[in-house]
$ cat data.txt   # compact mmCIF, all heavy atoms
# COMPACT_ATOMS: atom_id res chain seq x y z
N MET A 1 8.74 -1.54 -11.25
CA MET A 1 8.71 -2.99 -11.22
C MET A 1 7.29 -3.44 -10.90
O MET A 1 6.67 -2.96 -9.98
CB MET A 1 9.70 -3.49 -10.18
CG MET A 1 9.65 -4.96 -9.89
SD MET A 1 10.57 -6.12 -10.93
CE MET A 1 11.99 -5.28 -11.46
N LYS A 2 6.78 -4.37 -11.70
CA LYS A 2 5.43 -4.87 -11.52
C LYS A 2 5.41 -5.96 -10.45
O LYS A 2 6.32 -6.78 -10.37
CB LYS A 2 4.90 -5.42 -12.84
CG LYS A 2 3.46 -5.81 -12.76
CD LYS A 2 2.92 -6.22 -14.09
CE LYS A 2 1.47 -6.63 -13.87
NZ LYS A 2 0.80 -6.98 -15.07
N ILE A 3 4.36 -5.95 -9.65
CA ILE A 3 4.22 -6.94 -8.58
C ILE A 3 3.25 -8.02 -9.04
O ILE A 3 2.18 -7.73 -9.54
CB ILE A 3 3.67 -6.29 -7.30
CG1 ILE A 3 4.58 -5.18 -6.84
CG2 ILE A 3 3.48 -7.31 -6.22
CD1 ILE A 3 4.00 -4.39 -5.70
N ASP A 4 3.63 -9.26 -8.85
CA ASP A 4 2.74 -10.38 -9.11
C ASP A 4 2.04 -10.70 -7.79
O ASP A 4 2.48 -11.53 -7.00
CB ASP A 4 3.53 -11.58 -9.62
CG ASP A 4 2.65 -12.76 -10.01
OD1 ASP A 4 1.41 -12.64 -9.88
OD2 ASP A 4 3.20 -13.79 -10.42
N LEU A 5 0.94 -9.97 -7.54
CA LEU A 5 0.25 -10.10 -6.26
C LEU A 5 -0.22 -11.52 -5.96
O LEU A 5 -0.05 -11.99 -4.84
CB LEU A 5 -0.91 -9.11 -6.17
CG LEU A 5 -0.50 -7.65 -6.03
CD1 LEU A 5 -1.73 -6.76 -6.04
CD2 LEU A 5 0.31 -7.43 -4.77
N PRO A 6 -0.81 -12.23 -6.93
CA PRO A 6 -1.23 -13.61 -6.61
C PRO A 6 -0.06 -14.49 -6.18
O PRO A 6 -0.19 -15.31 -5.28
CB PRO A 6 -1.85 -14.11 -7.91
CG PRO A 6 -2.30 -12.86 -8.61
CD PRO A 6 -1.27 -11.82 -8.25
N GLU A 7 1.09 -14.31 -6.82
CA GLU A 7 2.26 -15.10 -6.46
C GLU A 7 2.75 -14.74 -5.05
O GLU A 7 3.08 -15.62 -4.25
CB GLU A 7 3.38 -14.91 -7.49
CG GLU A 7 4.66 -15.64 -7.16
CD GLU A 7 4.53 -17.16 -7.13
OE1 GLU A 7 3.53 -17.69 -7.63
OE2 GLU A 7 5.44 -17.81 -6.59
N LEU A 8 2.79 -13.44 -4.74
CA LEU A 8 3.22 -13.03 -3.40
C LEU A 8 2.23 -13.53 -2.35
O LEU A 8 2.62 -14.00 -1.28
CB LEU A 8 3.35 -11.51 -3.31
CG LEU A 8 4.51 -10.89 -4.08
CD1 LEU A 8 4.50 -9.38 -3.91
CD2 LEU A 8 5.83 -11.47 -3.66
N GLU A 9 0.94 -13.45 -2.66
CA GLU A 9 -0.08 -13.93 -1.73
C GLU A 9 0.07 -15.43 -1.49
O GLU A 9 -0.04 -15.92 -0.37
CB GLU A 9 -1.47 -13.63 -2.29
CG GLU A 9 -2.59 -14.02 -1.35
CD GLU A 9 -3.96 -13.68 -1.91
OE1 GLU A 9 -4.06 -13.35 -3.10
OE2 GLU A 9 -4.91 -13.75 -1.13
N ARG A 10 0.33 -16.17 -2.57
CA ARG A 10 0.53 -17.61 -2.44
C ARG A 10 1.72 -17.91 -1.55
O ARG A 10 1.64 -18.74 -0.64
CB ARG A 10 0.74 -18.24 -3.83
CG ARG A 10 0.86 -19.77 -3.79
CD ARG A 10 1.32 -20.33 -5.12
NE ARG A 10 2.69 -19.98 -5.45
CZ ARG A 10 3.78 -20.55 -4.90
NH1 ARG A 10 3.67 -21.46 -3.98
NH2 ARG A 10 4.99 -20.17 -5.26
N LYS A 11 2.83 -17.23 -1.80
CA LYS A 11 4.02 -17.45 -0.99
C LYS A 11 3.77 -17.13 0.48
O LYS A 11 4.16 -17.89 1.36
CB LYS A 11 5.19 -16.60 -1.51
CG LYS A 11 5.82 -17.12 -2.76
CD LYS A 11 7.04 -16.29 -3.13
CE LYS A 11 7.83 -16.91 -4.24
NZ LYS A 11 9.06 -16.17 -4.52
N LEU A 12 3.10 -16.00 0.72
CA LEU A 12 2.84 -15.62 2.11
C LEU A 12 1.89 -16.59 2.79
O LEU A 12 2.07 -16.93 3.96
CB LEU A 12 2.29 -14.20 2.17
CG LEU A 12 3.27 -13.10 1.77
CD1 LEU A 12 2.56 -11.77 1.65
CD2 LEU A 12 4.41 -13.01 2.77
N SER A 13 0.88 -17.07 2.07
CA SER A 13 -0.09 -17.99 2.67
C SER A 13 0.54 -19.34 3.01
O SER A 13 0.13 -19.99 3.96
CB SER A 13 -1.30 -18.18 1.76
OG SER A 13 -0.95 -18.89 0.60
N TYR A 14 1.54 -19.74 2.23
CA TYR A 14 2.24 -21.00 2.51
C TYR A 14 3.51 -20.79 3.33
O TYR A 14 4.31 -21.69 3.49
CB TYR A 14 2.58 -21.73 1.21
CG TYR A 14 1.38 -22.32 0.53
CD1 TYR A 14 0.86 -21.75 -0.62
CD2 TYR A 14 0.75 -23.44 1.06
CE1 TYR A 14 -0.25 -22.29 -1.24
CE2 TYR A 14 -0.36 -23.99 0.44
CZ TYR A 14 -0.86 -23.41 -0.71
OH TYR A 14 -1.97 -23.94 -1.33
N ARG A 15 3.65 -19.58 3.86
CA ARG A 15 4.80 -19.22 4.69
C ARG A 15 6.14 -19.45 3.98
O ARG A 15 7.12 -19.86 4.57
CB ARG A 15 4.77 -19.95 6.02
CG ARG A 15 3.56 -19.62 6.85
CD ARG A 15 3.65 -20.24 8.22
NE ARG A 15 2.45 -19.98 8.97
CZ ARG A 15 2.26 -18.92 9.74
NH1 ARG A 15 3.19 -18.01 9.84
NH2 ARG A 15 1.14 -18.77 10.42
N ILE A 16 6.13 -19.19 2.67
CA ILE A 16 7.35 -19.26 1.88
C ILE A 16 8.03 -17.90 1.96
O ILE A 16 7.39 -16.87 1.78
CB ILE A 16 7.04 -19.62 0.41
CG1 ILE A 16 6.39 -20.99 0.32
CG2 ILE A 16 8.30 -19.54 -0.45
CD1 ILE A 16 5.85 -21.35 -1.06
N ASN A 17 9.30 -17.90 2.25
CA ASN A 17 10.03 -16.64 2.36
C ASN A 17 10.08 -15.91 1.03
O ASN A 17 10.27 -16.52 -0.02
CB ASN A 17 11.46 -16.89 2.84
CG ASN A 17 11.51 -17.36 4.27
OD1 ASN A 17 10.63 -17.06 5.06
ND2 ASN A 17 12.55 -18.10 4.60
N LEU A 18 9.87 -14.60 1.11
CA LEU A 18 10.00 -13.77 -0.08
C LEU A 18 11.47 -13.46 -0.31
O LEU A 18 12.26 -13.41 0.63
CB LEU A 18 9.24 -12.46 0.11
CG LEU A 18 7.74 -12.55 0.35
CD1 LEU A 18 7.16 -11.16 0.55
CD2 LEU A 18 7.04 -13.26 -0.78
N THR A 19 11.81 -13.22 -1.57
CA THR A 19 13.17 -12.79 -1.85
C THR A 19 13.33 -11.34 -1.36
O THR A 19 12.33 -10.65 -1.09
CB THR A 19 13.47 -12.83 -3.36
OG1 THR A 19 12.63 -11.89 -4.02
CG2 THR A 19 13.26 -14.22 -3.93
N ILE A 20 14.54 -10.89 -1.25
CA ILE A 20 14.79 -9.51 -0.84
C ILE A 20 14.14 -8.56 -1.84
O ILE A 20 13.52 -7.57 -1.45
CB ILE A 20 16.30 -9.24 -0.72
CG1 ILE A 20 16.87 -10.04 0.46
CG2 ILE A 20 16.58 -7.76 -0.56
CD1 ILE A 20 18.37 -10.00 0.57
N LYS A 21 14.23 -8.88 -3.11
CA LYS A 21 13.64 -8.04 -4.16
C LYS A 21 12.12 -7.96 -4.00
O LYS A 21 11.53 -6.89 -4.07
CB LYS A 21 14.01 -8.57 -5.54
CG LYS A 21 13.60 -7.69 -6.68
CD LYS A 21 14.13 -8.26 -7.99
CE LYS A 21 13.82 -7.33 -9.13
NZ LYS A 21 14.38 -7.83 -10.40
N GLU A 22 11.49 -9.12 -3.77
CA GLU A 22 10.03 -9.15 -3.58
C GLU A 22 9.63 -8.37 -2.34
O GLU A 22 8.65 -7.62 -2.35
CB GLU A 22 9.53 -10.59 -3.47
CG GLU A 22 9.61 -11.37 -4.76
CD GLU A 22 9.35 -12.84 -4.57
OE1 GLU A 22 9.68 -13.40 -3.51
OE2 GLU A 22 8.80 -13.45 -5.50
N SER A 23 10.38 -8.55 -1.27
CA SER A 23 10.09 -7.83 -0.03
C SER A 23 10.22 -6.32 -0.21
O SER A 23 9.39 -5.56 0.27
CB SER A 23 11.04 -8.29 1.08
OG SER A 23 10.85 -9.64 1.37
N THR A 24 11.25 -5.92 -0.92
CA THR A 24 11.47 -4.50 -1.18
C THR A 24 10.34 -3.92 -2.01
O THR A 24 9.82 -2.84 -1.71
CB THR A 24 12.82 -4.29 -1.89
OG1 THR A 24 13.86 -4.83 -1.07
CG2 THR A 24 13.09 -2.83 -2.16
N ILE A 25 9.95 -4.63 -3.06
CA ILE A 25 8.85 -4.17 -3.91
C ILE A 25 7.57 -4.06 -3.10
O ILE A 25 6.83 -3.07 -3.21
CB ILE A 25 8.67 -5.12 -5.12
CG1 ILE A 25 9.86 -5.01 -6.07
CG2 ILE A 25 7.37 -4.82 -5.85
CD1 ILE A 25 9.90 -6.09 -7.12
N LEU A 26 7.30 -5.05 -2.27
CA LEU A 26 6.09 -5.04 -1.45
C LEU A 26 6.11 -3.87 -0.47
O LEU A 26 5.11 -3.16 -0.31
CB LEU A 26 5.96 -6.37 -0.72
CG LEU A 26 4.66 -6.66 0.01
CD1 LEU A 26 3.47 -6.55 -0.93
CD2 LEU A 26 4.71 -8.04 0.65
N LEU A 27 7.24 -3.64 0.18
CA LEU A 27 7.36 -2.53 1.12
C LEU A 27 7.19 -1.18 0.42
O LEU A 27 6.50 -0.29 0.94
CB LEU A 27 8.71 -2.56 1.83
CG LEU A 27 8.82 -3.53 2.99
CD1 LEU A 27 10.27 -3.63 3.46
CD2 LEU A 27 7.92 -3.12 4.13
N GLU A 28 7.80 -1.02 -0.74
CA GLU A 28 7.67 0.24 -1.48
C GLU A 28 6.22 0.47 -1.90
O GLU A 28 5.73 1.60 -1.85
CB GLU A 28 8.59 0.23 -2.69
CG GLU A 28 10.06 0.38 -2.33
CD GLU A 28 11.00 0.20 -3.50
OE1 GLU A 28 10.55 -0.20 -4.61
OE2 GLU A 28 12.21 0.43 -3.31
N SER A 29 5.54 -0.59 -2.29
CA SER A 29 4.12 -0.46 -2.66
C SER A 29 3.28 -0.07 -1.46
O SER A 29 2.39 0.78 -1.56
CB SER A 29 3.61 -1.77 -3.23
OG SER A 29 4.28 -2.07 -4.42
N MET A 30 3.57 -0.67 -0.31
CA MET A 30 2.83 -0.34 0.91
C MET A 30 3.08 1.11 1.32
O MET A 30 2.15 1.81 1.71
CB MET A 30 3.22 -1.31 2.03
CG MET A 30 2.72 -2.72 1.80
SD MET A 30 3.40 -3.95 2.92
CE MET A 30 2.90 -3.33 4.48
N GLU A 31 4.32 1.56 1.19
CA GLU A 31 4.64 2.95 1.52
C GLU A 31 3.88 3.89 0.60
O GLU A 31 3.36 4.92 1.03
CB GLU A 31 6.15 3.19 1.40
CG GLU A 31 6.95 2.57 2.51
CD GLU A 31 8.45 2.64 2.28
OE1 GLU A 31 8.89 3.01 1.16
OE2 GLU A 31 9.20 2.31 3.22
N GLY A 32 3.78 3.54 -0.68
CA GLY A 32 3.04 4.35 -1.64
C GLY A 32 1.57 4.43 -1.27
O GLY A 32 0.95 5.50 -1.34
N LEU A 33 0.99 3.30 -0.85
CA LEU A 33 -0.41 3.29 -0.44
C LEU A 33 -0.63 4.14 0.80
O LEU A 33 -1.63 4.86 0.90
CB LEU A 33 -0.87 1.85 -0.18
CG LEU A 33 -1.01 0.96 -1.40
CD1 LEU A 33 -1.29 -0.48 -0.98
CD2 LEU A 33 -2.10 1.47 -2.32
N ILE A 34 0.30 4.08 1.73
CA ILE A 34 0.19 4.90 2.95
C ILE A 34 0.27 6.37 2.60
O ILE A 34 -0.52 7.18 3.10
CB ILE A 34 1.27 4.49 3.97
CG1 ILE A 34 0.95 3.09 4.51
CG2 ILE A 34 1.37 5.50 5.11
CD1 ILE A 34 2.09 2.46 5.30
N ASP A 35 1.19 6.72 1.72
CA ASP A 35 1.33 8.12 1.29
C ASP A 35 0.04 8.61 0.61
O ASP A 35 -0.43 9.71 0.87
CB ASP A 35 2.51 8.29 0.33
CG ASP A 35 3.86 8.11 1.02
OD1 ASP A 35 3.91 8.18 2.27
OD2 ASP A 35 4.86 7.90 0.31
N ASP A 36 -0.53 7.74 -0.25
CA ASP A 36 -1.78 8.09 -0.93
C ASP A 36 -2.90 8.30 0.09
O ASP A 36 -3.70 9.22 -0.04
CB ASP A 36 -2.19 7.00 -1.92
CG ASP A 36 -1.27 6.92 -3.13
OD1 ASP A 36 -0.47 7.86 -3.33
OD2 ASP A 36 -1.35 5.92 -3.87
N LYS A 37 -2.94 7.45 1.11
CA LYS A 37 -3.99 7.56 2.14
C LYS A 37 -3.84 8.88 2.90
O LYS A 37 -4.84 9.55 3.20
CB LYS A 37 -3.92 6.39 3.11
CG LYS A 37 -5.00 6.42 4.17
CD LYS A 37 -4.88 5.24 5.12
CE LYS A 37 -6.00 5.21 6.12
NZ LYS A 37 -5.99 6.23 7.11
N ILE A 38 -2.62 9.26 3.21
CA ILE A 38 -2.37 10.51 3.93
C ILE A 38 -2.84 11.70 3.10
O ILE A 38 -3.51 12.61 3.60
CB ILE A 38 -0.88 10.65 4.30
CG1 ILE A 38 -0.53 9.62 5.39
CG2 ILE A 38 -0.54 12.06 4.78
CD1 ILE A 38 0.96 9.47 5.63
N VAL A 39 -2.52 11.69 1.81
CA VAL A 39 -2.93 12.78 0.91
C VAL A 39 -4.45 12.85 0.84
O VAL A 39 -5.05 13.94 0.93
CB VAL A 39 -2.32 12.60 -0.49
CG1 VAL A 39 -2.96 13.55 -1.50
CG2 VAL A 39 -0.81 12.81 -0.45
N LEU A 40 -5.10 11.69 0.68
CA LEU A 40 -6.57 11.67 0.62
C LEU A 40 -7.20 12.17 1.92
O LEU A 40 -8.18 12.91 1.90
CB LEU A 40 -7.06 10.27 0.29
CG LEU A 40 -6.81 9.80 -1.13
CD1 LEU A 40 -7.17 8.31 -1.28
CD2 LEU A 40 -7.60 10.62 -2.12
N GLN A 41 -6.62 11.78 3.05
CA GLN A 41 -7.15 12.24 4.33
C GLN A 41 -7.02 13.76 4.47
O GLN A 41 -7.93 14.42 4.96
CB GLN A 41 -6.44 11.54 5.50
CG GLN A 41 -7.07 11.83 6.85
CD GLN A 41 -8.50 11.34 6.92
OE1 GLN A 41 -8.79 10.20 6.64
NE2 GLN A 41 -9.42 12.21 7.29
N GLU A 42 -5.90 14.30 4.01
CA GLU A 42 -5.72 15.76 4.04
C GLU A 42 -6.76 16.44 3.15
O GLU A 42 -7.32 17.48 3.52
CB GLU A 42 -4.31 16.13 3.59
CG GLU A 42 -3.24 15.75 4.59
CD GLU A 42 -1.83 15.93 4.06
OE1 GLU A 42 -1.65 16.16 2.84
OE2 GLU A 42 -0.88 15.82 4.87
N GLN A 43 -7.04 15.86 1.99
CA GLN A 43 -8.05 16.43 1.09
C GLN A 43 -9.44 16.37 1.72
O GLN A 43 -10.22 17.31 1.61
CB GLN A 43 -8.03 15.70 -0.25
CG GLN A 43 -6.78 15.98 -1.06
CD GLN A 43 -6.70 15.13 -2.32
OE1 GLN A 43 -7.45 14.17 -2.50
NE2 GLN A 43 -5.77 15.49 -3.19
N ILE A 44 -9.75 15.27 2.39
CA ILE A 44 -11.04 15.14 3.07
C ILE A 44 -11.17 16.18 4.16
O ILE A 44 -12.21 16.84 4.30
CB ILE A 44 -11.22 13.72 3.65
CG1 ILE A 44 -11.43 12.72 2.51
CG2 ILE A 44 -12.37 13.65 4.65
CD1 ILE A 44 -11.36 11.27 2.94
N ASN A 45 -10.11 16.35 4.95
CA ASN A 45 -10.15 17.34 6.03
C ASN A 45 -10.33 18.75 5.49
O ASN A 45 -11.08 19.55 6.05
CB ASN A 45 -8.87 17.25 6.87
CG ASN A 45 -8.79 15.96 7.67
OD1 ASN A 45 -9.80 15.29 7.90
ND2 ASN A 45 -7.59 15.59 8.09
N THR A 46 -9.66 19.07 4.38
CA THR A 46 -9.80 20.38 3.75
C THR A 46 -11.23 20.58 3.26
O THR A 46 -11.82 21.65 3.45
CB THR A 46 -8.81 20.52 2.58
OG1 THR A 46 -7.48 20.36 3.08
CG2 THR A 46 -8.95 21.87 1.90
N ALA A 47 -11.80 19.55 2.64
CA ALA A 47 -13.17 19.65 2.14
C ALA A 47 -14.16 19.82 3.29
O ALA A 47 -15.09 20.64 3.21
CB ALA A 47 -13.52 18.41 1.33
N LYS A 48 -13.97 19.08 4.38
CA LYS A 48 -14.85 19.21 5.55
C LYS A 48 -14.79 20.62 6.11
O LYS A 48 -15.82 21.21 6.44
CB LYS A 48 -14.45 18.22 6.64
CG LYS A 48 -14.88 16.80 6.39
CD LYS A 48 -14.44 15.92 7.55
CE LYS A 48 -14.80 14.48 7.36
NZ LYS A 48 -14.34 13.65 8.48
N LYS A 49 -13.57 21.16 6.22
CA LYS A 49 -13.41 22.49 6.75
C LYS A 49 -14.11 23.52 5.86
O LYS A 49 -14.79 24.42 6.34
CB LYS A 49 -11.93 22.83 6.89
CG LYS A 49 -11.66 24.17 7.52
CD LYS A 49 -10.18 24.44 7.69
CE LYS A 49 -9.96 25.79 8.31
NZ LYS A 49 -8.55 26.12 8.44
N ALA A 50 -13.95 23.37 4.55
CA ALA A 50 -14.58 24.29 3.61
C ALA A 50 -16.10 24.21 3.71
O ALA A 50 -16.79 25.24 3.67
CB ALA A 50 -14.12 23.98 2.18
N LEU A 51 -16.63 23.01 3.87
CA LEU A 51 -18.08 22.83 3.96
C LEU A 51 -18.64 23.42 5.26
O LEU A 51 -19.74 23.97 5.27
CB LEU A 51 -18.45 21.36 3.85
CG LEU A 51 -18.30 20.74 2.46
CD1 LEU A 51 -18.51 19.24 2.52
CD2 LEU A 51 -19.26 21.38 1.49
N THR A 52 -17.89 23.32 6.34
CA THR A 52 -18.38 23.86 7.61
C THR A 52 -18.32 25.38 7.61
O THR A 52 -19.07 26.03 8.34
CB THR A 52 -17.59 23.32 8.81
OG1 THR A 52 -16.20 23.60 8.64
CG2 THR A 52 -17.78 21.82 8.96
N GLU A 53 -17.46 25.96 6.78
CA GLU A 53 -17.34 27.41 6.70
C GLU A 53 -18.40 28.03 5.80
O GLU A 53 -18.65 29.23 5.86
CB GLU A 53 -15.94 27.81 6.23
CG GLU A 53 -14.86 27.50 7.26
CD GLU A 53 -13.47 27.80 6.74
OE1 GLU A 53 -13.34 28.24 5.58
OE2 GLU A 53 -12.51 27.59 7.50
N ILE A 54 -19.02 27.21 4.98
CA ILE A 54 -20.02 27.74 4.03
C ILE A 54 -21.32 28.03 4.74
O ILE A 54 -21.79 27.47 5.61
CB ILE A 54 -20.26 26.74 2.88
CG1 ILE A 54 -19.01 26.68 2.03
CG2 ILE A 54 -21.46 27.14 2.04
CD1 ILE A 54 -19.07 25.71 0.87

$ encode --input "data.txt" --output "structure tokens"
Amino acid sequence: MKIDLPELERKLSYRINLTIKESTILLESMEGLIDDKIVLQEQINTAKKALTEI
């Protein structure tokens, strides 16, 4: 499902309640971003360790 970020931002800035569907989509997107960040951090740590061992 595609997120209309400008629309969600507008609603949030005007304190308009999001629908359950919009909230769910936003939460799932945030979870995906957090998962991506964790993976990237693990890759950075692995690279740092490899560089210090060289």

$ residues_around --input "data.txt" --residues "region 16-29 of chain A" --least-positions-apart "4" --cutoff "9 Å" --atoms "only C-alpha atoms" --output "VMD selection string"
chain A and resid 1 to 3 8 10 to 12 33 to 34

$ atom_distance --input "data.txt" --atom1 "atom C of Val39 (chain A)" --atom2 "CB of Asp4 (chain A)"
27.7 Å

$ atom_distance --input "data.txt" --atom1 "CA of Asn45 (chain A)" --atom2 "CA of Gly32 (chain A)"
20.0 Å

$ atom_distance --input "data.txt" --atom1 "CA of Gln43 (chain A)" --atom2 "atom O of Met30 (chain A)"
17.8 Å

$ select_by_dssp --input "data.txt" --residues "chain A" --states "alpha helix (DSSP H)" --output "PyMOL selection string"
chain A and resi 5-13+20-53

$ axis_aligned_box --input "data.txt" --around "region 25-43 of chain A" --padding-each-side "4 Å" --output "lines of an AutoDock Vina configuration file"
center_x = 1.0
center_y = 4.7
center_z = 0.1
size_x = 30.4
size_y = 33.5
size_z = 22.4
